[in-house]
Every structure is written in C-alpha cells, then in structure tokens.
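Structure below is query06.cif: mmCIF, C-alpha atoms (C1' of nucleotides).
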data_upload
#
loop_
_atom_site.label_atom_id
_atom_site.label_comp_id
_atom_site.auth_asym_id
_atom_site.auth_seq_id
_atom_site.Cartn_x
_atom_site.Cartn_y
_atom_site.Cartn_z
CA MET A 1 -9.84 -34.88 -42.79
CA PRO A 2 -11.41 -34.77 -39.36
CA THR A 3 -8.88 -34.42 -36.64
CA THR A 4 -10.90 -36.97 -34.76
CA THR A 5 -10.26 -40.67 -35.01
CA PRO A 6 -10.76 -41.60 -38.63
CA ILE A 7 -12.08 -45.13 -38.47
CA GLU A 8 -9.14 -46.64 -40.32
CA THR A 9 -9.51 -50.35 -39.51
CA PRO A 10 -6.39 -51.55 -37.87
CA ALA A 11 -5.63 -55.20 -37.78
CA ALA A 12 -5.20 -57.20 -34.62
CA PRO A 13 -8.52 -57.59 -32.88
CA PRO A 14 -7.98 -58.50 -29.25
CA ALA A 15 -9.26 -62.00 -29.84
CA ALA A 16 -6.95 -63.66 -32.34
CA PRO A 17 -8.64 -64.58 -35.61
CA PRO A 18 -9.35 -68.27 -35.58
CA ARG A 19 -7.11 -70.11 -37.97
CA ALA A 20 -9.92 -71.78 -39.82
CA LEU A 21 -11.02 -68.63 -41.57
CA ARG A 22 -8.02 -67.68 -43.65
CA GLY A 23 -9.70 -68.18 -47.00
CA ASP A 24 -12.80 -66.39 -45.83
CA ASP A 25 -10.78 -63.39 -44.82
CA ALA A 26 -9.68 -62.96 -48.40
CA LEU A 27 -13.27 -63.15 -49.54
CA ASP A 28 -14.30 -60.64 -46.92
CA ALA A 29 -11.66 -58.25 -48.08
CA LEU A 30 -12.74 -58.66 -51.66
CA GLU A 31 -16.35 -58.17 -50.73
CA ARG A 32 -15.53 -55.02 -48.87
CA ALA A 33 -13.51 -53.70 -51.76
CA LEU A 34 -16.32 -54.45 -54.14
CA ILE A 35 -18.80 -52.57 -52.00
CA GLN A 36 -16.52 -49.62 -51.81
CA LEU A 37 -16.03 -49.71 -55.52
CA ALA A 38 -19.75 -49.84 -56.04
CA ARG A 39 -20.24 -46.80 -53.90
CA VAL A 40 -17.53 -44.87 -55.61
CA MET A 41 -18.88 -45.72 -59.03
CA ILE A 42 -22.44 -44.91 -58.13
CA ARG A 43 -22.01 -41.83 -56.05
CA ALA A 44 -18.91 -39.96 -57.01
CA GLY A 45 -18.88 -41.76 -60.32
CA VAL A 46 -22.04 -40.23 -61.68
CA PRO A 47 -22.03 -36.85 -60.11
CA ASP A 48 -25.32 -35.31 -61.07
CA VAL A 49 -24.13 -34.08 -64.31
CA LEU A 50 -24.74 -30.77 -65.86
CA VAL A 51 -24.19 -30.86 -69.54
CA GLU A 52 -24.81 -27.63 -71.30
CA GLY A 53 -27.35 -26.85 -68.65
CA GLU A 54 -28.97 -30.25 -68.93
CA HIS A 55 -29.47 -32.10 -65.71
CA ILE A 56 -29.21 -35.86 -65.89
CA ASP A 57 -29.59 -37.89 -62.79
CA ARG A 58 -27.94 -41.24 -62.25
CA ALA A 59 -30.89 -43.26 -63.37
CA GLY A 60 -31.21 -41.15 -66.45
CA TYR A 61 -27.62 -41.77 -67.37
CA TRP A 62 -28.08 -45.52 -67.25
CA THR A 63 -31.20 -45.30 -69.26
CA LEU A 64 -29.39 -43.35 -71.93
CA VAL A 65 -26.57 -45.87 -71.93
CA ARG A 66 -29.01 -48.69 -72.47
CA LEU A 67 -30.77 -46.90 -75.26
CA ASP A 68 -27.45 -46.26 -76.88
CA GLU A 69 -26.41 -49.87 -76.63
CA ALA A 70 -29.50 -50.99 -78.42
CA GLU A 71 -29.32 -50.22 -82.07
CA GLY A 72 -32.80 -49.17 -83.14
CA PRO A 73 -35.74 -48.06 -81.02
CA VAL A 74 -36.54 -50.06 -77.94
CA ARG A 75 -39.82 -50.90 -76.36
CA LEU A 76 -40.34 -49.84 -72.80
CA SER A 77 -40.78 -53.35 -71.56
CA ASP A 78 -37.55 -54.50 -73.18
CA LEU A 79 -35.74 -51.57 -71.71
CA ALA A 80 -37.08 -52.33 -68.26
CA ALA A 81 -36.14 -55.98 -68.59
CA SER A 82 -32.64 -55.15 -69.68
CA MET A 83 -32.22 -52.77 -66.78
CA GLU A 84 -33.79 -55.21 -64.37
CA LEU A 85 -36.11 -52.54 -63.13
CA ASP A 86 -39.83 -52.39 -62.76
CA LEU A 87 -41.69 -51.25 -65.82
CA SER A 88 -43.32 -48.42 -63.95
CA THR A 89 -39.98 -47.06 -62.85
CA VAL A 90 -38.67 -47.02 -66.38
CA SER A 91 -41.91 -45.59 -67.65
CA ARG A 92 -41.53 -42.50 -65.51
CA GLN A 93 -37.87 -42.19 -66.26
CA ALA A 94 -38.54 -42.38 -69.95
CA ARG A 95 -41.25 -39.79 -69.72
CA HIS A 96 -38.88 -37.43 -68.03
CA LEU A 97 -36.19 -37.97 -70.62
CA VAL A 98 -38.69 -37.40 -73.39
CA GLU A 99 -39.85 -34.22 -71.70
CA VAL A 100 -36.36 -32.79 -71.61
CA GLY A 101 -35.79 -33.86 -75.15
CA LEU A 102 -33.08 -36.45 -74.76
CA VAL A 103 -35.19 -39.36 -75.88
CA THR A 104 -37.72 -39.71 -78.64
CA ARG A 105 -40.83 -41.76 -78.45
CA GLN A 106 -42.92 -43.06 -81.31
CA ALA A 107 -45.79 -45.45 -81.37
CA ASP A 108 -44.82 -48.92 -82.41
CA PRO A 109 -46.20 -49.39 -85.93
CA ASP A 110 -46.91 -53.06 -85.29
CA ASP A 111 -48.43 -52.70 -81.87
CA GLY A 112 -50.70 -49.92 -80.81
CA ARG A 113 -49.91 -50.42 -77.15
CA ALA A 114 -46.18 -50.27 -77.40
CA ALA A 115 -43.83 -47.34 -77.48
CA ARG A 116 -40.50 -47.26 -79.18
CA LEU A 117 -37.83 -45.23 -77.49
CA ALA A 118 -34.59 -43.99 -78.93
CA LEU A 119 -31.96 -41.43 -78.19
CA SER A 120 -32.59 -38.08 -79.76
CA GLU A 121 -29.75 -36.27 -81.44
CA ARG A 122 -29.46 -34.16 -78.33
CA GLY A 123 -29.57 -37.22 -76.13
CA ARG A 124 -26.72 -38.74 -78.05
CA GLU A 125 -24.67 -35.59 -77.63
CA VAL A 126 -25.39 -35.34 -73.94
CA LEU A 127 -24.62 -38.99 -73.36
CA GLU A 128 -21.40 -38.67 -75.27
CA SER A 129 -20.43 -35.69 -73.20
CA VAL A 130 -21.13 -37.39 -69.91
CA ARG A 131 -19.38 -40.47 -71.09
CA ARG A 132 -16.36 -38.42 -72.06
CA THR A 133 -16.19 -36.97 -68.59
CA ARG A 134 -16.41 -40.34 -66.94
CA ARG A 135 -13.95 -41.83 -69.35
CA ASP A 136 -11.46 -39.12 -68.56
CA VAL A 137 -11.80 -39.69 -64.86
CA LEU A 138 -11.19 -43.36 -65.38
CA ARG A 139 -8.27 -42.62 -67.65
CA GLY A 140 -6.80 -40.43 -64.96
CA THR A 141 -7.27 -43.10 -62.38
CA LEU A 142 -5.60 -45.72 -64.53
CA ALA A 143 -2.85 -43.46 -65.77
CA ALA A 144 -0.21 -45.07 -63.65
CA TRP A 145 -1.25 -48.60 -64.53
CA GLY A 146 0.58 -50.78 -66.96
CA ALA A 147 -1.21 -51.77 -70.13
CA ASP A 148 -1.32 -55.41 -69.10
CA GLU A 149 -2.66 -54.60 -65.66
CA ARG A 150 -5.34 -52.54 -67.25
CA SER A 151 -6.47 -55.20 -69.65
CA GLN A 152 -6.31 -57.74 -66.88
CA LEU A 153 -8.58 -55.59 -64.80
CA ALA A 154 -11.03 -55.15 -67.63
CA ALA A 155 -11.12 -58.87 -68.27
CA SER A 156 -11.55 -59.74 -64.62
CA ILE A 157 -14.32 -57.25 -64.12
CA ALA A 158 -16.16 -58.38 -67.20
CA ARG A 159 -15.93 -61.98 -66.11
CA LEU A 160 -16.98 -61.14 -62.59
CA VAL A 161 -20.02 -59.28 -63.82
CA SER A 162 -21.13 -62.06 -66.07
CA ASP A 163 -20.55 -64.69 -63.40
CA MET A 164 -22.47 -62.64 -60.89
CA GLN A 165 -25.37 -62.15 -63.18
CA GLY A 166 -25.52 -65.81 -63.89
CA CYS A 167 -25.13 -66.75 -60.26
CA ALA A 168 -26.67 -64.24 -57.90
CA ARG A 169 -29.84 -64.23 -59.90
CA MET B 1 -45.56 -63.43 -78.97
CA PRO B 2 -43.83 -60.90 -81.17
CA THR B 3 -40.58 -62.05 -79.61
CA THR B 4 -39.51 -58.53 -79.00
CA THR B 5 -35.93 -57.67 -79.68
CA PRO B 6 -34.12 -58.11 -76.39
CA ILE B 7 -31.74 -55.18 -76.62
CA GLU B 8 -28.60 -57.20 -77.17
CA THR B 9 -27.44 -55.60 -80.34
CA PRO B 10 -24.10 -57.22 -80.90
CA ALA B 11 -21.62 -56.03 -83.42
CA ALA B 12 -21.95 -55.09 -87.04
CA PRO B 13 -23.82 -51.89 -87.38
CA PRO B 14 -23.91 -51.22 -91.10
CA ALA B 15 -22.13 -47.95 -90.58
CA ALA B 16 -18.70 -48.59 -89.14
CA PRO B 17 -18.27 -47.30 -85.60
CA PRO B 18 -17.48 -43.64 -86.23
CA ARG B 19 -16.60 -43.13 -82.63
CA ALA B 20 -13.41 -41.87 -81.15
CA LEU B 21 -10.15 -43.65 -80.76
CA ARG B 22 -9.70 -47.32 -80.12
CA GLY B 23 -8.27 -46.71 -76.66
CA ASP B 24 -11.35 -44.86 -75.59
CA ASP B 25 -13.48 -47.77 -76.57
CA ALA B 26 -11.63 -49.93 -74.11
CA LEU B 27 -12.18 -47.37 -71.40
CA ASP B 28 -15.83 -47.14 -72.28
CA ALA B 29 -16.19 -50.86 -72.05
CA LEU B 30 -14.48 -50.90 -68.70
CA GLU B 31 -16.62 -48.08 -67.45
CA ARG B 32 -19.73 -49.90 -68.52
CA ALA B 33 -18.60 -53.08 -66.83
CA LEU B 34 -17.86 -51.16 -63.66
CA ILE B 35 -21.30 -49.62 -63.62
CA GLN B 36 -22.88 -52.96 -64.11
CA LEU B 37 -20.81 -54.39 -61.34
CA ALA B 38 -21.82 -51.57 -59.09
CA ARG B 39 -25.46 -52.22 -59.76
CA VAL B 40 -25.11 -55.90 -59.17
CA MET B 41 -23.25 -55.34 -55.92
CA ILE B 42 -25.66 -52.76 -54.66
CA ARG B 43 -28.92 -54.26 -55.71
CA ALA B 44 -28.71 -57.99 -55.86
CA GLY B 45 -25.61 -57.91 -53.71
CA VAL B 46 -27.28 -56.71 -50.56
CA PRO B 47 -30.61 -58.39 -50.72
CA ASP B 48 -32.62 -56.98 -47.90
CA VAL B 49 -31.47 -59.38 -45.38
CA LEU B 50 -33.46 -61.16 -42.78
CA VAL B 51 -31.31 -62.46 -40.03
CA GLU B 52 -33.12 -64.26 -37.31
CA GLY B 53 -36.07 -62.02 -37.97
CA GLU B 54 -33.93 -58.91 -38.03
CA HIS B 55 -34.35 -56.71 -41.02
CA ILE B 56 -31.30 -54.78 -42.13
CA ASP B 57 -31.49 -52.56 -45.14
CA ARG B 58 -28.55 -51.77 -47.37
CA ALA B 59 -27.68 -48.61 -45.59
CA GLY B 60 -27.80 -50.35 -42.26
CA TYR B 61 -25.43 -53.00 -43.45
CA TRP B 62 -22.80 -50.47 -44.43
CA THR B 63 -23.19 -48.67 -41.18
CA LEU B 64 -22.61 -51.88 -39.28
CA VAL B 65 -19.57 -52.66 -41.40
CA ARG B 66 -18.08 -49.28 -40.64
CA LEU B 67 -18.74 -49.59 -36.95
CA ASP B 68 -17.12 -52.97 -37.01
CA GLU B 69 -14.05 -51.67 -38.79
CA ALA B 70 -13.52 -49.03 -36.17
CA GLU B 71 -12.17 -50.47 -33.01
CA GLY B 72 -13.66 -48.39 -30.23
CA PRO B 73 -16.87 -46.40 -30.17
CA VAL B 74 -17.24 -43.88 -32.95
CA ARG B 75 -18.70 -40.44 -32.96
CA LEU B 76 -21.53 -39.80 -35.33
CA SER B 77 -19.64 -37.15 -37.22
CA ASP B 78 -16.67 -39.43 -37.76
CA LEU B 79 -18.93 -42.17 -38.93
CA ALA B 80 -20.62 -39.84 -41.38
CA ALA B 81 -17.29 -38.61 -42.66
CA SER B 82 -15.98 -42.10 -43.18
CA MET B 83 -19.12 -43.06 -45.04
CA GLU B 84 -19.10 -39.84 -47.02
CA LEU B 85 -22.69 -39.24 -46.12
CA ASP B 86 -24.46 -36.32 -44.60
CA LEU B 87 -24.53 -36.25 -40.85
CA SER B 88 -28.29 -36.12 -40.79
CA THR B 89 -28.55 -39.27 -42.86
CA VAL B 90 -26.28 -41.16 -40.54
CA SER B 91 -28.03 -39.72 -37.53
CA ARG B 92 -31.33 -41.27 -38.56
CA GLN B 93 -29.72 -44.50 -39.57
CA ALA B 94 -27.96 -44.76 -36.26
CA ARG B 95 -31.12 -44.05 -34.36
CA HIS B 96 -32.85 -46.86 -36.14
CA LEU B 97 -30.06 -49.30 -35.47
CA VAL B 98 -30.06 -48.31 -31.83
CA GLU B 99 -33.80 -48.81 -31.68
CA VAL B 100 -33.57 -52.34 -32.99
CA GLY B 101 -30.71 -53.08 -30.67
CA LEU B 102 -27.86 -53.60 -33.08
CA VAL B 103 -25.92 -50.55 -32.03
CA THR B 104 -25.25 -49.03 -28.65
CA ARG B 105 -25.02 -45.36 -27.95
CA GLN B 106 -23.41 -43.68 -25.01
CA ALA B 107 -22.71 -40.08 -24.30
CA ASP B 108 -19.14 -39.10 -24.95
CA PRO B 109 -17.59 -38.59 -21.52
CA ASP B 110 -15.42 -35.76 -22.83
CA ASP B 111 -18.02 -33.94 -24.86
CA GLY B 112 -21.60 -33.47 -23.86
CA ARG B 113 -22.72 -32.94 -27.43
CA ALA B 114 -21.22 -36.03 -28.90
CA ALA B 115 -22.46 -39.58 -29.02
CA ARG B 116 -20.34 -42.66 -29.18
CA LEU B 117 -21.66 -45.52 -31.24
CA ALA B 118 -20.59 -49.12 -31.21
CA LEU B 119 -21.88 -52.48 -32.32
CA SER B 120 -23.88 -54.29 -29.72
CA GLU B 121 -23.28 -57.94 -29.15
CA ARG B 122 -26.36 -58.65 -31.21
CA GLY B 123 -25.17 -56.25 -33.89
CA ARG B 124 -21.92 -58.11 -34.16
CA GLU B 125 -23.74 -61.39 -34.55
CA VAL B 126 -26.10 -60.06 -37.15
CA LEU B 127 -23.31 -58.46 -39.12
CA GLU B 128 -21.33 -61.66 -39.02
CA SER B 129 -24.29 -63.58 -40.27
CA VAL B 130 -24.96 -61.22 -43.14
CA ARG B 131 -21.32 -61.18 -43.99
CA ARG B 132 -21.28 -64.95 -44.06
CA THR B 133 -24.13 -64.98 -46.53
CA ARG B 134 -22.50 -62.48 -48.83
CA ARG B 135 -19.20 -64.23 -48.59
CA ASP B 136 -20.82 -67.48 -49.61
CA VAL B 137 -22.43 -65.89 -52.62
CA LEU B 138 -19.11 -64.49 -53.67
CA ARG B 139 -17.47 -67.81 -53.09
CA GLY B 140 -20.04 -69.41 -55.33
CA THR B 141 -19.45 -66.86 -58.01
CA LEU B 142 -15.71 -67.36 -57.92
CA ALA B 143 -15.88 -71.11 -57.61
CA ALA B 144 -14.72 -71.70 -61.15
CA TRP B 145 -11.89 -69.21 -60.96
CA GLY B 146 -8.30 -70.18 -60.54
CA ALA B 147 -6.57 -69.13 -57.37
CA ASP B 148 -4.28 -66.75 -59.21
CA GLU B 149 -7.14 -65.15 -61.12
CA ARG B 150 -8.93 -64.61 -57.88
CA SER B 151 -6.04 -62.97 -56.15
CA GLN B 152 -5.36 -60.92 -59.22
CA LEU B 153 -8.93 -59.71 -59.15
CA ALA B 154 -8.73 -58.84 -55.50
CA ALA B 155 -5.52 -56.93 -55.99
CA SER B 156 -6.80 -55.05 -59.02
CA ILE B 157 -10.01 -54.08 -57.32
CA ALA B 158 -8.26 -52.92 -54.21
CA ARG B 159 -5.88 -50.82 -56.24
CA LEU B 160 -8.66 -49.42 -58.34
CA VAL B 161 -10.63 -48.40 -55.30
CA SER B 162 -7.71 -46.68 -53.69
CA ASP B 163 -6.73 -44.93 -56.90
CA MET B 164 -10.29 -43.80 -57.44
CA GLN B 165 -10.62 -42.44 -53.97
CA GLY B 166 -7.44 -40.51 -54.36
CA CYS B 167 -8.34 -39.29 -57.80
CA ALA B 168 -12.04 -38.82 -58.32
CA ARG B 169 -12.31 -36.87 -55.15
"C1'" DG C 1 -17.74 -14.10 -16.62
"C1'" DT C 2 -20.40 -13.33 -20.24
"C1'" DA C 3 -21.12 -12.64 -25.19
"C1'" DA C 4 -19.90 -14.44 -29.76
"C1'" DT C 5 -18.91 -18.22 -32.23
"C1'" DA C 6 -18.04 -22.93 -33.33
"C1'" DT C 7 -19.22 -27.83 -32.93
"C1'" DA C 8 -22.17 -32.05 -32.57
"C1'" DC C 9 -25.99 -33.41 -33.38
"C1'" DT C 10 -31.52 -33.54 -34.44
"C1'" DT C 11 -35.52 -32.63 -36.99
"C1'" DG C 12 -38.22 -30.85 -41.02
"C1'" DT C 13 -38.49 -30.99 -45.65
"C1'" DT C 14 -37.52 -32.11 -50.42
"C1'" DT C 15 -35.67 -34.99 -54.10
"C1'" DG C 16 -34.44 -39.19 -56.39
"C1'" DT C 17 -35.09 -44.03 -57.09
"C1'" DA C 18 -37.61 -47.81 -56.82
"C1'" DA C 19 -41.32 -51.11 -55.76
"C1'" DC C 20 -46.26 -52.88 -55.84
"C1'" DA C 21 -51.12 -52.48 -57.13
"C1'" DA C 22 -54.76 -51.13 -59.96
"C1'" DG C 23 -56.31 -49.73 -64.14
"C1'" DC C 24 -56.85 -48.78 -69.28
"C1'" DA C 25 -56.40 -49.65 -74.07
"C1'" DG C 26 -54.82 -52.32 -77.84
"C1'" DA C 27 -53.95 -57.38 -79.18
"C1'" DT C 28 -54.99 -62.36 -79.34
"C1'" DT C 29 -57.65 -66.41 -78.94
"C1'" DG C 30 -61.58 -69.37 -78.06
"C1'" DC D 1 -67.77 -61.33 -79.91
"C1'" DA D 2 -66.27 -62.41 -75.29
"C1'" DA D 3 -62.50 -63.55 -72.44
"C1'" DT D 4 -58.01 -62.90 -71.70
"C1'" DC D 5 -53.31 -61.31 -72.33
"C1'" DT D 6 -49.94 -57.67 -72.90
"C1'" DG D 7 -47.84 -53.10 -72.80
"C1'" DC D 8 -47.96 -49.23 -70.54
"C1'" DT D 9 -49.58 -45.44 -67.07
"C1'" DT D 10 -50.81 -43.72 -62.70
"C1'" DG D 11 -51.44 -43.86 -57.58
"C1'" DT D 12 -49.29 -44.94 -53.67
"C1'" DT D 13 -45.69 -46.20 -50.60
"C1'" DA D 14 -40.98 -46.63 -48.90
"C1'" DC D 15 -36.41 -45.54 -48.26
"C1'" DA D 16 -31.99 -43.25 -48.84
"C1'" DA D 17 -29.92 -39.16 -48.93
"C1'" DA D 18 -29.41 -34.21 -49.31
"C1'" DC D 19 -30.00 -29.34 -47.50
"C1'" DA D 20 -31.77 -26.08 -44.06
"C1'" DA D 21 -32.87 -24.71 -39.70
"C1'" DG D 22 -32.91 -25.61 -34.89
"C1'" DT D 23 -31.00 -27.05 -30.10
"C1'" DA D 24 -27.55 -27.90 -26.88
"C1'" DT D 25 -22.94 -28.06 -25.51
"C1'" DA D 26 -17.96 -26.16 -25.97
"C1'" DT D 27 -14.59 -22.80 -26.88
"C1'" DT D 28 -12.85 -18.28 -27.61
"C1'" DA D 29 -12.59 -13.26 -27.18
"C1'" DC D 30 -13.00 -9.58 -24.55
#
Would you mind writing the structure in this file as structure tokens?
Amino acid sequence: MPTTTPIETPAAPPAAPPRALRGDDALDALERALIQLARVMIRAGVPDVLVEGEHIDRAGYWTLVRLDEAEGPVRLSDLAASMELDLSTVSRQARHLVEVGLVTRQADPDDGRAARLALSERGREVLESVRRTRRDVLRGTLAAWGADERSQLAASIARLVSDMQGCAR
Amino acid sequence: MPTTTPIETPAAPPAAPPRALRGDDALDALERALIQLARVMIRAGVPDVLVEGEHIDRAGYWTLVRLDEAEGPVRLSDLAASMELDLSTVSRQARHLVEVGLVTRQADPDDGRAARLALSERGREVLESVRRTRRDVLRGTLAAWGADERSQLAASIARLVSDMQGCAR
DNA sequence: GTAATATACTTGTTTGTAACAAGCAGATTG
DNA sequence: CAATCTGCTTGTTACAAACAAGTATATTAC
C-alpha cells in the first residue's frame, strides 16, 4: 500500500448531510458497491487467461460462454443479439476464435449468407479450464459464507440482473 | 423470417449434464450472473452521460467518484493506486477533466513533482447530477423489492466486494 | 556538494473492445 | 426479373488502458 494518504472515504463531511436523503444514501452505497463489483469481476475477474498456451481475452471468454450456453450452432447475428453487441464486433471476435481453433464455423445449410458457430472440442476444453479457475476463485471468496447466505446472494443477484435487463433497457 | 433460434436453450439436453458436481453448477451459475451484472453495470449502467452539455465518459465518472470520496486533494499516484489503474491512464484522464473544468489541479506545496487533484465546484455538481440519475435508475429497478430484500442485497454485495478484494488479489 | 538513485509524473505507442458506415452476396417478394 | 431485405465483412474511428521511455524534482551516499 502507498504510504501516502489512501483515499479511504471517511464519513462526516463538514456540511452535515441533509436529513432528507437517508434513503438515497443507501442507494448510493449500493450503487458504489455494484460498480466496484463490476470492476472486480471484469478486470481481476477475467485476468487475461493463459490456458495451455492459449490466450483468451475477456471478450473471447464471454463469447465462448455464450456459445456454450446455446445448445447447437449459433448464427452470428443471434450471438451478437444475445451479447448485446454490434454484429461487426462479434464478427471479428468470432473470426479470431476460429483462427485460434476454439470455435468452428460452418455455412448454414438453409441460408447461404449465414454462418453457424459452435465451440470446438478444444474450445470446450479451454472454456472449461477457464471456468474452473474462476469458479475456484469464487469458491475461495465464498468459503467463509454460510450456505444460506450464499444461496441468498445467488438469488438476489439473479433477480437484480433480470430486473435490470428489463428496466434499464 | 426464419425465426432464428434465439440462443435461449433451456433445460433438457438429451444427454444428461455430464458435468462436474452439483455444487460447482451453483457456483457456475453465480459466476455467470455476476458477469452479466458486471456488463449491465458497466455498459448500460453508465450511459455516456450528458449533464448540462457536459460529456463524461465512464472512466471520468469513476475518477470523479474517487476524488469525491477522498476528502482533501489527492495526488495522481494515490488516485491511480486507489483505482488500480496505471498512472499514465489516470494522468490523461485527469488532464481531460481539468481541461473541461471538472477537476482542479494545484502543485503540491511539499513536493515539486506532485500534483494535487480535487473536484471543482462544477465537478461536484456534475457528479451529483450523474449520481442522481444512476440512483434513480437503481431505485426504479428495486421498486418492487421488499425493504428487507433490498438491504440483504446491499449487505451481500458489500461483503462480496470486500471478500473479493481481499481474496482475488 | 555533487553524483547516484528514487519518485512523480508525462508522453509515445500498442492493444483490446466497441461503435458506425458502407458494401457485398445470398434470400425474398412484387 | 427487379427491387429490396438480410446476414455478414471490412474500413474507419474512438476510447480505455497497458507498457516503455523520458523529464523534472527529491533524496541518499559519499
């Protein structure tokens, strides 16, 4: 840690917090925690992973996850829609993953324009490996939690995500 | 329209899930939910905000939040450390914020090399305004939640963040 | 007191992620 | 068959962030 003043965030601003905002303070705190969580999950959470010499970047990891969640091959446009990303972005990502052999691409038999993407055997292995790592980190983090706290957390998060997707859209 | 399969893929793969243990599945699900949450918070959550004609990007918002959390002026290096970002990144960010008048910069009286950054009056206003917007979105999302669920969520998230920072570091 | 080193930044450059726009080729419809 | 729509690719741009190398100030060693 730097010997210098480490931000911290003490309470007690010189001007007393106006009474009216009590409920908002709680929301602020939650919002801040959520941002922090997001950063932890995104940055530290997907450390550019080397799996058996294979380099997957963050975006690649998510793409693999999506492909894994879909059962059969997925069209690019569906993939992009499900990731809420621009088609062009996913197009390039997919090309890269195909190049390094983690994803397979076949022409759609019913539609000459479309591509059908799927995890390759190797892609499945790599994804599983990355997932294992992340799972273990999470397991470590939650080690001291009670079973009920854990399931409560999972439920809350799931609900929050679905509410947010429905709402902040 | 071929009504393309929209990923989805609910349960019932013909082959029973050959995966690992049941407990790991729960962790996987949680991990997935957390990633999704992170994406929602980061992307949709900080919509490039226009405040009275002022454009703050995501990075700028976090910088302002950090500066606000610190009481006095902060040195660049401390700010970078607290944000877990490279000094150079924060240096450019700070310069931009200074240029648009949201942050003030003075020389450190005790150290000719160092700069001391703080929110300007305008910066404080803008931050407050952005914060208000985000808070309202969150409030909307949580509108249907019970008070106890909400506080439970807040507590869980806060604990998770602190555990993660201690652990995944 | 000056040389060596350490610290606090700044600037140059590269990489990763994403968007928008324009285009091409296969598909659909009048 | 022509017009249009759709699925995808490619060109370009932008931004966030990293690493490397530089500059200027501070500290330490001698």
Original post:
Quick one: residues within 7 Å of region 91-106 of chain B, only C-alpha atoms (C1' of nucleotides) counted, chain neighbours fewer than 2 positions away excluded, as a list in words?
Top reply: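 Those residues are Gly60, Leu76, Leu87, Ser88, Thr89, Asp108, Ala115, Arg116, Leu117, Ala118, Leu119, Ser120, Arg122 and Gly123 of chain B.
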Subject >> Counting only C-alpha atoms, the option among A:Ala107, A:Ala38, A:Ala29, A:Ala143 closest to chain B >> reply: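 Answer, going by the shortest atom-to-atom distance: A:Ala38.
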Residue by residue, what does the PyMOL selection byres ((chain A and resi 149-159) around 7) grab here? Present the result as a PDB file with C-alpha atoms, keeping the file's coordinate frame.
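So the final result, stored in expr_18.pdb, reads:
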ATOM      1  CA  TRP A 145      -1.250 -48.600 -64.530  1.00  0.00           C
ATOM      2  CA  GLY A 146       0.580 -50.780 -66.960  1.00  0.00           C
ATOM      3  CA  ALA A 147      -1.210 -51.770 -70.130  1.00  0.00           C
ATOM      4  CA  ASP A 148      -1.320 -55.410 -69.100  1.00  0.00           C
ATOM      5  CA  LEU A 160     -16.980 -61.140 -62.590  1.00  0.00           C
ATOM      6  CA  VAL A 161     -20.020 -59.280 -63.820  1.00  0.00           C
ATOM      7  CA  SER A 162     -21.130 -62.060 -66.070  1.00  0.00           C
ATOM      8  CA  ASP A 163     -20.550 -64.690 -63.400  1.00  0.00           C
TER       9      ASP A 163
ATOM     10  CA  LEU B  30     -14.480 -50.900 -68.700  1.00  0.00           C
ATOM     11  CA  ALA B  33     -18.600 -53.080 -66.830  1.00  0.00           C
ATOM     12  CA  LEU B 153      -8.930 -59.710 -59.150  1.00  0.00           C
ATOM     13  CA  SER B 156      -6.800 -55.050 -59.020  1.00  0.00           C
TER      14      SER B 156
END
Please write out, as JSON, where the centre of an axis-aligned box around all listed atoms of region 122-135 of chain A lies and how long its edges are, in Å to one decimal, after adding 8 Å on each side.
{"center_x": -21.8, "center_y": -38.0, "center_z": -72.6, "size_x": 31.6, "size_y": 23.7, "size_z": 27.4}
**OP:** Would you please work out which residue, of B:Ser129, B:Thr63, B:Gln36, B:Thr141, is nearest to Met83 (chain A) when using only C-alpha atoms?
**Re:**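 When distances to Met83 (chain A) are compared using only C-alpha atoms, the smallest one comes from B:Gln36.
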Original post:
Mind pulling up the distance from C1' of DA8 (chain C) to CA of Arg113 (chain B)?
Top reply: 5.2 Å
**OP:** List the residues matched by the PyMOL selection byres ((chain B) within 8 of (chain D)) in the displayed structure as a VMD selection string, ordered by chain and then by residue number.
**Re:** chain B and resid 59 85 to 86 89 111 to 113
Suppose a student applies the PyMOL selection byres ((chain C) within 9 of (chain A)) to this structure; what residues should they get, written as an mmCIF file with C-alpha atoms (C1' of nucleotides), in the coordinates of the input?
data_model
loop_
_atom_site.group_PDB
_atom_site.id
_atom_site.type_symbol
_atom_site.label_atom_id
_atom_site.label_comp_id
_atom_site.auth_asym_id
_atom_site.auth_seq_id
_atom_site.Cartn_x
_atom_site.Cartn_y
_atom_site.Cartn_z
ATOM 1 C "C1'" DG C 16 -34.440 -39.190 -56.390
ATOM 2 C "C1'" DT C 17 -35.090 -44.030 -57.090
ATOM 3 C "C1'" DA C 18 -37.610 -47.810 -56.820
ATOM 4 C "C1'" DA C 19 -41.320 -51.110 -55.760
ATOM 5 C "C1'" DA C 25 -56.400 -49.650 -74.070
ATOM 6 C "C1'" DG C 26 -54.820 -52.320 -77.840
ATOM 7 C "C1'" DA C 27 -53.950 -57.380 -79.180
#
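Using all atoms listed in the file, the shortest contact distance between chain A and any of B:Leu64, B:Ala26, B:Ala70, B:Val126 is found at B:Ala70.
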**OP:** Tell me which of A:Arg32, A:Leu37, A:Glu121, A:Asp68 sits closest to chain B, counting all atoms listed in the file.
**Re:**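 For chain B, the nearest of the given residues is A:Leu37.
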Subject >> Between CA of Met164 (chain A) and CA of Ala144 (chain B) - distance in Å to one decimal >> reply: 11.9 Å
**OP:** Considering all atoms listed in the file, state which residue in the set B:Glu69, B:Asp25, B:Arg75, B:Pro109 is at the smallest distance from chain A.
**Re:**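 Answer, going by the shortest atom-to-atom distance: B:Glu69.
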